[in-house]
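S.K.: Got a structure for you, questions after.
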Number of protein chains: 2
Amino acid sequence: MPTLDLSLSAADLTRAICDIPSVSDDETALADAIEGAIRPLGHLEVHRDGDTIVARTRLGRAQRVIIAGHIDTVPVNGNLPTRDVEDDGAAMIWGRGTVDMKAGTAVQLKLAAELVDPAYDITWIWYDHEEVAAERSGLTRLERSLPEAFEGDFAILGEPSDGQVEGGCNGTLRVVARTHGRRSHSARAWMGENAIHAAAPILERLAAYRPQEIVVDGLAYREGLNAVRVSGGVAGNVIPDLCEVEVNFRFAPSRTGEEAVAHVREVLDGFEVEVADLAEGARPGLDSAIARGFVAAVGAEPRPKYGWTDVARFSARGVPAVNYGPGDPSLAHHDEERVAVAQIEDVERGLRAWLTTA
Amino acid sequence: MPTLDLSLSAADLTRAICDIPSVSDDETALADAIEGAIRPLGHLEVHRDGDTIVARTRLGRAQRVIIAGHIDTVPVNGNLPTRDVEDDGAAMIWGRGTVDMKAGTAVQLKLAAELVDPAYDITWIWYDHEEVAAERSGLTRLERSLPEAFEGDFAILGEPSDGQVEGGCNGTLRVVARTHGRRSHSARAWMGENAIHAAAPILERLAAYRPQEIVVDGLAYREGLNAVRVSGGVAGNVIPDLCEVEVNFRFAPSRTGEEAVAHVREVLDGFEVEVADLAEGARPGLDSAIARGFVAAVGAEPRPKYGWTDVARFSARGVPAVNYGPGDPSLAHHDEERVAVAQIEDVERGLRAWLTTA
């Protein structure tokens with residue numbers, strides 16, 4: 001069984017936990033190593049649920065913060081073990097998970113071990129199955145088995161944000177728009193009705209759609225409405241009787257899920273529209289005193305987060321939440337995924353500064 | 001090994017050869033039975049190539065006609081053995097192959113055995129692999145191995161034509177129109193370029209297209225231009241970088257293949273268009289004296305054939321060719337495929353009348 005030494009530098013700890021592969025469904029070895037390193041620490045109360053580990057201080061502080069990171073990655077593609085590389089002279093750690101999001105998790109593990117007397121009570125959560133369907137996430141399980149783990153005054157997800165503070169997130173809605181027709185042999189097309197031709201206005205409207213930029217709590221969220229899949233057709237000599245266009249709406253956190261659905265139905269008025277899945281966004285939550293203190297302490301300029309992240313789970317429970325982690329998000333899931341060592345150190349410094357000076 | 005008695009009625013012979021299943025690739029048992037029944041006949045010179053059987057008279061007649069039928073069917077789907085059923089009191093034979101096209105082949109086999117002294121020399125061809133890609137057809141093989149089998153003054157394919165004479169056939173062209181884009185995460189759609197949206201004008205133009213009806217040698221051919229398949233998309237959260245629309249153009253036999261391609265390229269001007277496959281049509285070929293005599297003898301009103309059939313092979317070699325066979329073509333490949341016994345008898349009577357009175 002691999003073990004972890006939490007007194008390593010955050011960069012070395014990043015290397016170490018990346019080199020314990022933990023693709024979704026295969027997180028147990030890493031979860032065991034984390035539990036093995038955290039469980040002996042006297043200042044943390046440890047709870048394990050599957051491959052999710054919760055570690056909490058009980059210092060009676062006036063406020064509690066939740067700091068969470070997932071421990072799974074998307075599949076390895078020849079990009080492990082990690083390697084040290086350079087980008088324009090800057091030291092980087094290359095390999096699967098370095099960006100999404102083991103560097104962030106490494107910083108959290110190091111600080112969890114080190115900060116025996118933080119300014120806030122802290123609930124650390126390291127969880128499994130973030131990279132797959134939301135219902136399989138360790139956080140979904142935890143919401144049922146240990147709901148008090150979600151109680152707090154502020155939450156930080158260590159998702160890669162280039163060392164900046166990214167507030168809230170857009171919501172995401174997926175619908176399937178369908179057109180129907182009548183099959184016939186294509187040699188006698190007039191006996192049928194072409195469902196693919198009937199879908200032309202759907203694509204037209206999507207192509208003509210101009211997405212909005214919506215300011216929420218001072219951050220500008222760019223929306224997007226896009227066909228992400230289209231399919232139709234039976235055979236090369238058959239007039240198709242069905243065409244489906246899968247549409248993804250990324251919507252500002254000022255819209256509720258219901259409003260997002262209504263908006264898409266309005267754009268696709270006249271067509272059959274079925275909601276496939278929906279996750280509301282999260283407002284940036286940067287107006288609370290604790291959030292403003294955090295932003296000031298880490299010295300970052302808050303930006304909007306476009307992708308949906310687990311901050312929305314906290315936001316939905318009334319806990320303001322932000323993303324703050326090392327790594328360029330555009331390299332997440334990339335075969336050349338790599339994180340700057342300096343950014344790992346920056347985030348470590350930022351978090352430590354805030355957690356030690358209330 | 002099954003045997004065939006060619007002295008049975010054409011209806012009984014239809015039942016018999018339908019009950020020897022012969023889905024494409026599995027025609028050998030039926031081909032063996034046909035060869036076994038034809039080979040002993042003294043008036044026919046028999047040639048076998050794979051599961052294709054050619055049987056020719058050598059009477060020194062002034063004119064030679066080619067009469068051909070395929071012996072394969074599309075897959076059986078619980079519709080064998082044959083059954084006798086009734087439609088509004090009319091006797092029908094139900095089951096796979098009854099329409100496409102064993103009833104026609106049965107009539108041909110019966111007449112091949114019976115007509116020892118026909119008014120024309122006859123080249124009978126019963127061939128395999130018609131229901132699959134054209135390059136696998138027994139006729140494609142025969143064009144190389146026995147090209148003289150295609151020499152004649154007139155050709156009749158026994159494809160189902162409801163007992164009517166269907167002249168020539170439309171051509172068929174399939175192209176793939178492609179649009180390209182640039183992938184990005186759908187949370188940051190503005191960093192990508194949506195290939196599915198870019199395909200909107202392709203569907204619009206196809207939906208707006210008004211197909212022509214073109215008169216060729218007195219028969220009106222209806223054309224058709226249709227999307228038969230559309231596909232695009234990578235994942236539910238990715239802006240797609242490719243969309244493909246497969247388009248099928250059914251074109252009148254007055255257009256060459258080249259002209260058909262040019263027409264489709266013009267309709268889809270500005271888009272990448274790749275030709276996937278092309279088969280030219282066949283002019284009805286009803287202006288020759290022998291064709292006119294045939295039409296008069298069988299007592300039918302010629303109609304255009306919309307679907308592509310092997311008549312085009314003969315037409316391309318300068319041999320006028322028509323479709324003439326029992327069975328409603330709209331029931332071909334249907335699970336409820338069934339042929340009227342009276343129509344089998346009509347076609348038998350028509351062919352016999354023409355072949356015995358020059």
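Here, A, B, ... name the chains of the structure tokens in the order displayed, residue numbers run from 1 inside each chain, and ligands are numbered from 1 in the same displayed order.
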Using only C-alpha atoms, find the residues of chain A whose closest atom to chain B is at most 6 Å away, then write them as number ranges by chain.
M.R.: A: 187, 197, 200, 203-204, 207, 228-233, 236, 239-240, 306-307
S.K.: Just want the 10 Å neighbourhood of range 129-135 of chain B, counted on only C-alpha atoms, with same-chain residues fewer than 2 positions away dropped. Output as a list in words.
M.R.: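 That gives Ser22, Val23, Ser24, Asp25, Asp26, Glu27, Asp51, Thr52, Gly69, His70, Ile71, Asp72, Thr73, Val74, Pro75, Asp100, Tyr127, Ser137, Gly138, Leu139, Thr140, Arg141, Ala279, Thr309, Asp310 and His333 of chain B.
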S.K.: Within range 73-107 of chain B, find each residue whose DSSP state, derived from the backbone, is alpha helix (DSSP H), and express the selection as a count of residues only.
M.R.: 5
S.K.: At a cut-off of 8 Å, using only C-alpha atoms, what residues contact Ala297 in chain B? Leave out same-chain residues fewer than 5 positions from it and give the result as a ChimeraX atom specification.
M.R.: /B:350,353-354
S.K.: Tell me which protein, DNA and RNA residues are within 7 Å of Val116 in chain B, counting only C-alpha atoms, leaving out same-chain ones fewer than 2 positions away, and put them as a PyMOL selection string.
M.R.: chain B and resi 43+114+118
S.K.: What lies within 12 Å of Asp287 in chain A using only C-alpha atoms, ignoring chain neighbours under 4 positions off, as a PyMOL selection string?
M.R.: chain A and resi 154+167-168+216-219+283+291-295+302+319-322
S.K.: Store the residues picked out above, limited to N, CA, C and O atoms, as a PDB file, in the first residue's frame.
M.R.:
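Saved the output as selection-v1.pdb:
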```
ATOM      1  N   PHE A 154     -18.323  29.408   4.283  1.00  0.00           N
ATOM      2  CA  PHE A 154     -17.657  29.695   3.019  1.00  0.00           C
ATOM      3  C   PHE A 154     -17.035  28.385   2.557  1.00  0.00           C
ATOM      4  O   PHE A 154     -16.634  27.548   3.394  1.00  0.00           O
ATOM      5  N   GLY A 167     -15.292  32.935  -9.177  1.00  0.00           N
ATOM      6  CA  GLY A 167     -16.505  32.961  -8.374  1.00  0.00           C
ATOM      7  C   GLY A 167     -17.649  32.261  -9.059  1.00  0.00           C
ATOM      8  O   GLY A 167     -17.871  32.435 -10.256  1.00  0.00           O
ATOM      9  N   GLY A 168     -18.387  31.474  -8.289  1.00  0.00           N
ATOM     10  CA  GLY A 168     -19.602  30.855  -8.784  1.00  0.00           C
ATOM     11  C   GLY A 168     -19.361  30.000 -10.013  1.00  0.00           C
ATOM     12  O   GLY A 168     -18.248  29.549 -10.271  1.00  0.00           O
ATOM     13  N   VAL A 216     -23.383  39.281 -12.733  1.00  0.00           N
ATOM     14  CA  VAL A 216     -23.973  38.772 -11.496  1.00  0.00           C
ATOM     15  C   VAL A 216     -23.006  39.074 -10.361  1.00  0.00           C
ATOM     16  O   VAL A 216     -21.845  38.639 -10.401  1.00  0.00           O
ATOM     17  N   ASP A 217     -23.470  39.848  -9.380  1.00  0.00           N
ATOM     18  CA  ASP A 217     -22.627  40.231  -8.237  1.00  0.00           C
ATOM     19  C   ASP A 217     -21.276  40.771  -8.716  1.00  0.00           C
ATOM     20  O   ASP A 217     -20.217  40.429  -8.160  1.00  0.00           O
ATOM     21  N   GLY A 218     -21.315  41.532  -9.788  1.00  0.00           N
ATOM     22  CA  GLY A 218     -20.094  42.202 -10.244  1.00  0.00           C
ATOM     23  C   GLY A 218     -19.245  41.407 -11.214  1.00  0.00           C
ATOM     24  O   GLY A 218     -18.291  41.941 -11.784  1.00  0.00           O
ATOM     25  N   LEU A 219     -19.564  40.136 -11.438  1.00  0.00           N
ATOM     26  CA  LEU A 219     -18.781  39.355 -12.401  1.00  0.00           C
ATOM     27  C   LEU A 219     -19.631  39.119 -13.653  1.00  0.00           C
ATOM     28  O   LEU A 219     -20.829  38.863 -13.562  1.00  0.00           O
ATOM     29  N   ARG A 283     -24.116  31.606  -7.867  1.00  0.00           N
ATOM     30  CA  ARG A 283     -23.725  33.020  -7.829  1.00  0.00           C
ATOM     31  C   ARG A 283     -22.311  33.091  -7.246  1.00  0.00           C
ATOM     32  O   ARG A 283     -21.893  32.213  -6.483  1.00  0.00           O
ATOM     33  N   ALA A 291     -15.871  36.097   2.450  1.00  0.00           N
ATOM     34  CA  ALA A 291     -15.390  35.951   1.078  1.00  0.00           C
ATOM     35  C   ALA A 291     -14.486  37.119   0.705  1.00  0.00           C
ATOM     36  O   ALA A 291     -13.426  36.944   0.089  1.00  0.00           O
ATOM     37  N   ARG A 292     -14.893  38.323   1.108  1.00  0.00           N
ATOM     38  CA  ARG A 292     -14.069  39.494   0.784  1.00  0.00           C
ATOM     39  C   ARG A 292     -12.712  39.392   1.479  1.00  0.00           C
ATOM     40  O   ARG A 292     -11.675  39.722   0.913  1.00  0.00           O
ATOM     41  N   GLY A 293     -12.735  38.866   2.690  1.00  0.00           N
ATOM     42  CA  GLY A 293     -11.484  38.668   3.417  1.00  0.00           C
ATOM     43  C   GLY A 293     -10.587  37.664   2.714  1.00  0.00           C
ATOM     44  O   GLY A 293      -9.370  37.852   2.609  1.00  0.00           O
ATOM     45  N   PHE A 294     -11.189  36.613   2.226  1.00  0.00           N
ATOM     46  CA  PHE A 294     -10.434  35.593   1.510  1.00  0.00           C
ATOM     47  C   PHE A 294      -9.778  36.184   0.265  1.00  0.00           C
ATOM     48  O   PHE A 294      -8.572  36.017   0.036  1.00  0.00           O
ATOM     49  N   VAL A 295     -10.572  36.909  -0.515  1.00  0.00           N
ATOM     50  CA  VAL A 295     -10.045  37.488  -1.756  1.00  0.00           C
ATOM     51  C   VAL A 295      -8.892  38.434  -1.435  1.00  0.00           C
ATOM     52  O   VAL A 295      -7.843  38.421  -2.107  1.00  0.00           O
ATOM     53  N   PRO A 302     -11.021  38.550  -8.510  1.00  0.00           N
ATOM     54  CA  PRO A 302     -12.025  37.511  -8.808  1.00  0.00           C
ATOM     55  C   PRO A 302     -12.478  37.564 -10.267  1.00  0.00           C
ATOM     56  O   PRO A 302     -12.607  38.642 -10.854  1.00  0.00           O
ATOM     57  N   VAL A 319     -24.226  28.217   0.992  1.00  0.00           N
ATOM     58  CA  VAL A 319     -22.839  28.462   1.405  1.00  0.00           C
ATOM     59  C   VAL A 319     -22.108  29.105   0.225  1.00  0.00           C
ATOM     60  O   VAL A 319     -21.965  28.477  -0.816  1.00  0.00           O
ATOM     61  N   PRO A 320     -21.653  30.368   0.378  1.00  0.00           N
ATOM     62  CA  PRO A 320     -20.911  30.967  -0.731  1.00  0.00           C
ATOM     63  C   PRO A 320     -19.679  30.113  -1.026  1.00  0.00           C
ATOM     64  O   PRO A 320     -19.038  29.606  -0.102  1.00  0.00           O
ATOM     65  N   ALA A 321     -19.355  29.961  -2.299  1.00  0.00           N
ATOM     66  CA  ALA A 321     -18.272  29.049  -2.659  1.00  0.00           C
ATOM     67  C   ALA A 321     -17.520  29.580  -3.869  1.00  0.00           C
ATOM     68  O   ALA A 321     -18.113  30.191  -4.763  1.00  0.00           O
ATOM     69  N   VAL A 322     -16.208  29.353  -3.884  1.00  0.00           N
ATOM     70  CA  VAL A 322     -15.385  29.791  -5.019  1.00  0.00           C
ATOM     71  C   VAL A 322     -14.447  28.655  -5.425  1.00  0.00           C
ATOM     72  O   VAL A 322     -14.234  27.704  -4.676  1.00  0.00           O
TER      73      VAL A 322
END
```
S.K.: Can you tell me, as an MDAnalysis selection string, what residues are no more than 10 Å from Asp12 in chain B when counting only C-alpha atoms, ignoring any on the same chain fewer than 5 positions away?
M.R.: chainID B and resid 5:7 17:18 93 103 106 341
